[in-house]
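**Q** Quick one: structure below, then a few questions.
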Amino acid sequence: MQPIIGNVKIMGEVVSLTSRAGAFFRCPECRRTVKNGVCMVHGEVEPTKDLRIGLRIITRLGEVVLEFSGEKAQKTAGITAEAAHSLSAQELSNYLEKKFVGKKLKAECFSLKDKYLYAREAELLGEGEKNVQTGDSQGAVDKEAVPQNQGGLKQ
Ligand SMILES: [Zn+2]
């Protein structure tokens, strides 16, 4: 298998979330990940809420890990960073699993290292071959996956 270097377009089926998928905080100055309100460069900051999507995807290049965050992550996942932070880690993980796992996804990305990609653009294409469903279940799945009383979700 050739190493994946630089810019690459991928398409494949999402098989699972990675452990890095979830709600997190960013430094408002440098956008680095902030833990416990402390940026490694800027010290104590008022961090910004963000959402990271981390997916394992089977592509014709083999299995890759794709990450993205910020607005494109919130848009693709159909949930705002605010709403993502209002869920428990488990609820958010369940929501993201229902949204992504078993679905086809295409993305324009660049590789951070071999088979470890960061998406500039990502688009869900719907059900993968293993998981074809009939009817208009898409909306219903999303509504079930997130408690109705949390508010702030993009519909
Ligand atoms: Zn910073």
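Identifiers in the structure tokens: chain A, B, ... in order shown; residue index from 1 per chain; ligand index from 1 in order shown.
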Do you know which residues are at most 7 Å from segment 104-107 of chain A counting only C-alpha atoms, after dropping those on the same chain fewer than 5 positions away, and could you put them as a list of chain:residue names?
**A** A:Lys9, A:Ile10, A:Met11, A:Gly12, A:Glu13, A:Val14, A:Ala119, A:Glu121, A:Ala122, A:Glu123, A:Leu124, A:Leu125, A:Gly126, A:Glu127, A:Gly128
**Q** Kindly save the residues from that selection, with C-alpha atoms included, as a compact mmCIF listing (two decimals), in the first residue's frame.
**A**
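Resulting contents of selection.txt:
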```
# COMPACT_ATOMS: atom_id res chain seq x y z
CA LYS A 9 -9.62 13.11 -1.97
CA ILE A 10 -11.18 10.10 -0.37
CA MET A 11 -14.49 8.34 -0.45
CA GLY A 12 -15.42 5.40 1.69
CA GLU A 13 -17.58 3.90 4.36
CA VAL A 14 -17.30 4.99 7.98
CA ALA A 119 -10.59 17.18 6.12
CA GLU A 121 -14.31 19.57 3.15
CA ALA A 122 -16.42 16.57 4.07
CA GLU A 123 -19.78 15.41 2.86
CA LEU A 124 -21.96 12.55 4.03
CA LEU A 125 -23.38 10.61 1.11
CA GLY A 126 -25.88 8.47 2.99
CA GLU A 127 -26.07 4.81 3.79
CA GLY A 128 -23.25 2.44 2.90
```
**Q** Check which residues fall inside 6 Å of ligand 1 when counting only C-alpha atoms and all ligand atoms, and print them as a PDB file with C-alpha atoms, in the first residue's frame.
**A**
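Contents of result24.pdb, as written:
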```pdb
ATOM      1  CA  CYS A  27      -7.866  28.696  22.688  1.00  0.00           C
ATOM      2  CA  GLU A  29      -6.105  33.211  20.277  1.00  0.00           C
ATOM      3  CA  CYS A  30      -4.285  30.340  18.607  1.00  0.00           C
ATOM      4  CA  ARG A  32      -4.923  25.055  20.016  1.00  0.00           C
ATOM      5  CA  CYS A  39      -3.544  27.079  26.659  1.00  0.00           C
ATOM      6  CA  VAL A  41       1.000  29.134  24.781  1.00  0.00           C
ATOM      7  CA  HIS A  42      -1.433  31.719  26.161  1.00  0.00           C
TER       8      HIS A  42
END
```
**Q** Show me, as number ranges by chain, the residues that have an atom within 12 Å of Lys75 of chain A when counting only C-alpha atoms, minus same-chain residues fewer than 4 positions from it.
**A** A: 50-53, 68-71, 79-81, 84, 99, 121-124, 153-155
**Q** Would you mind writing down, as a ChimeraX atom specification, each residue of chain A that DSSP on the backbone assigns to alpha helix (DSSP H)?
**A** /A:70-77,81-86,89-100,137-145
**Q** Could you save the residues just selected, with C-alpha atoms, as a PDB file, in the first residue's frame?
**A**
```
ATOM      1  CA  GLY A  70     -14.889  23.722  13.609  1.00  0.00           C
ATOM      2  CA  GLU A  71     -17.834  24.811  11.480  1.00  0.00           C
ATOM      3  CA  LYS A  72     -17.512  22.056   8.899  1.00  0.00           C
ATOM      4  CA  ALA A  73     -17.648  19.435  11.649  1.00  0.00           C
ATOM      5  CA  GLN A  74     -20.744  21.021  13.177  1.00  0.00           C
ATOM      6  CA  LYS A  75     -22.411  21.366   9.791  1.00  0.00           C
ATOM      7  CA  THR A  76     -21.636  17.804   8.687  1.00  0.00           C
ATOM      8  CA  ALA A  77     -22.695  16.370  12.041  1.00  0.00           C
ATOM      9  CA  ALA A  81     -20.649  23.022  19.277  1.00  0.00           C
ATOM     10  CA  GLU A  82     -22.922  24.515  21.937  1.00  0.00           C
ATOM     11  CA  ALA A  83     -25.368  21.600  21.672  1.00  0.00           C
ATOM     12  CA  ALA A  84     -22.522  19.062  21.513  1.00  0.00           C
ATOM     13  CA  HIS A  85     -21.150  20.425  24.800  1.00  0.00           C
ATOM     14  CA  SER A  86     -24.600  20.229  26.406  1.00  0.00           C
ATOM     15  CA  ALA A  89     -19.877  12.285  26.293  1.00  0.00           C
ATOM     16  CA  GLN A  90     -21.921   9.103  25.904  1.00  0.00           C
ATOM     17  CA  GLU A  91     -24.962  10.875  24.418  1.00  0.00           C
ATOM     18  CA  LEU A  92     -22.763  12.749  21.976  1.00  0.00           C
ATOM     19  CA  SER A  93     -20.928   9.580  21.026  1.00  0.00           C
ATOM     20  CA  ASN A  94     -24.262   7.819  20.395  1.00  0.00           C
ATOM     21  CA  TYR A  95     -25.439  10.735  18.284  1.00  0.00           C
ATOM     22  CA  LEU A  96     -22.246  10.823  16.193  1.00  0.00           C
ATOM     23  CA  GLU A  97     -22.305   7.061  15.732  1.00  0.00           C
ATOM     24  CA  LYS A  98     -25.841   7.153  14.377  1.00  0.00           C
ATOM     25  CA  LYS A  99     -24.939  10.070  12.154  1.00  0.00           C
ATOM     26  CA  PHE A 100     -21.726   8.680  10.651  1.00  0.00           C
ATOM     27  CA  SER A 137     -35.551   7.064   8.369  1.00  0.00           C
ATOM     28  CA  GLN A 138     -32.776   9.672   8.248  1.00  0.00           C
ATOM     29  CA  GLY A 139     -34.614  12.444  10.086  1.00  0.00           C
ATOM     30  CA  ALA A 140     -36.156  10.077  12.601  1.00  0.00           C
ATOM     31  CA  VAL A 141     -32.765   8.645  13.511  1.00  0.00           C
ATOM     32  CA  ASP A 142     -31.373  12.094  14.254  1.00  0.00           C
ATOM     33  CA  LYS A 143     -34.332  13.045  16.419  1.00  0.00           C
ATOM     34  CA  GLU A 144     -34.107   9.846  18.440  1.00  0.00           C
ATOM     35  CA  ALA A 145     -30.405  10.211  18.939  1.00  0.00           C
TER      36      ALA A 145
END
```
**Q** Give me, as a ChimeraX atom specification, the residues of segment 4-112 of chain A that a backbone DSSP run labels strand (DSSP E).
**A** /A:7-17,22-26,33-34,38-39,43-44,48-59,62-69,103-112
**Q** Take atom CA of Val64 of chain A and atom CA of Glu108 of chain A and report the distance between them in Å, one decimal.
**A**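 So the two atoms, atom CA of Val64 of chain A and atom CA of Glu108 of chain A, lie 13.1 Å apart.
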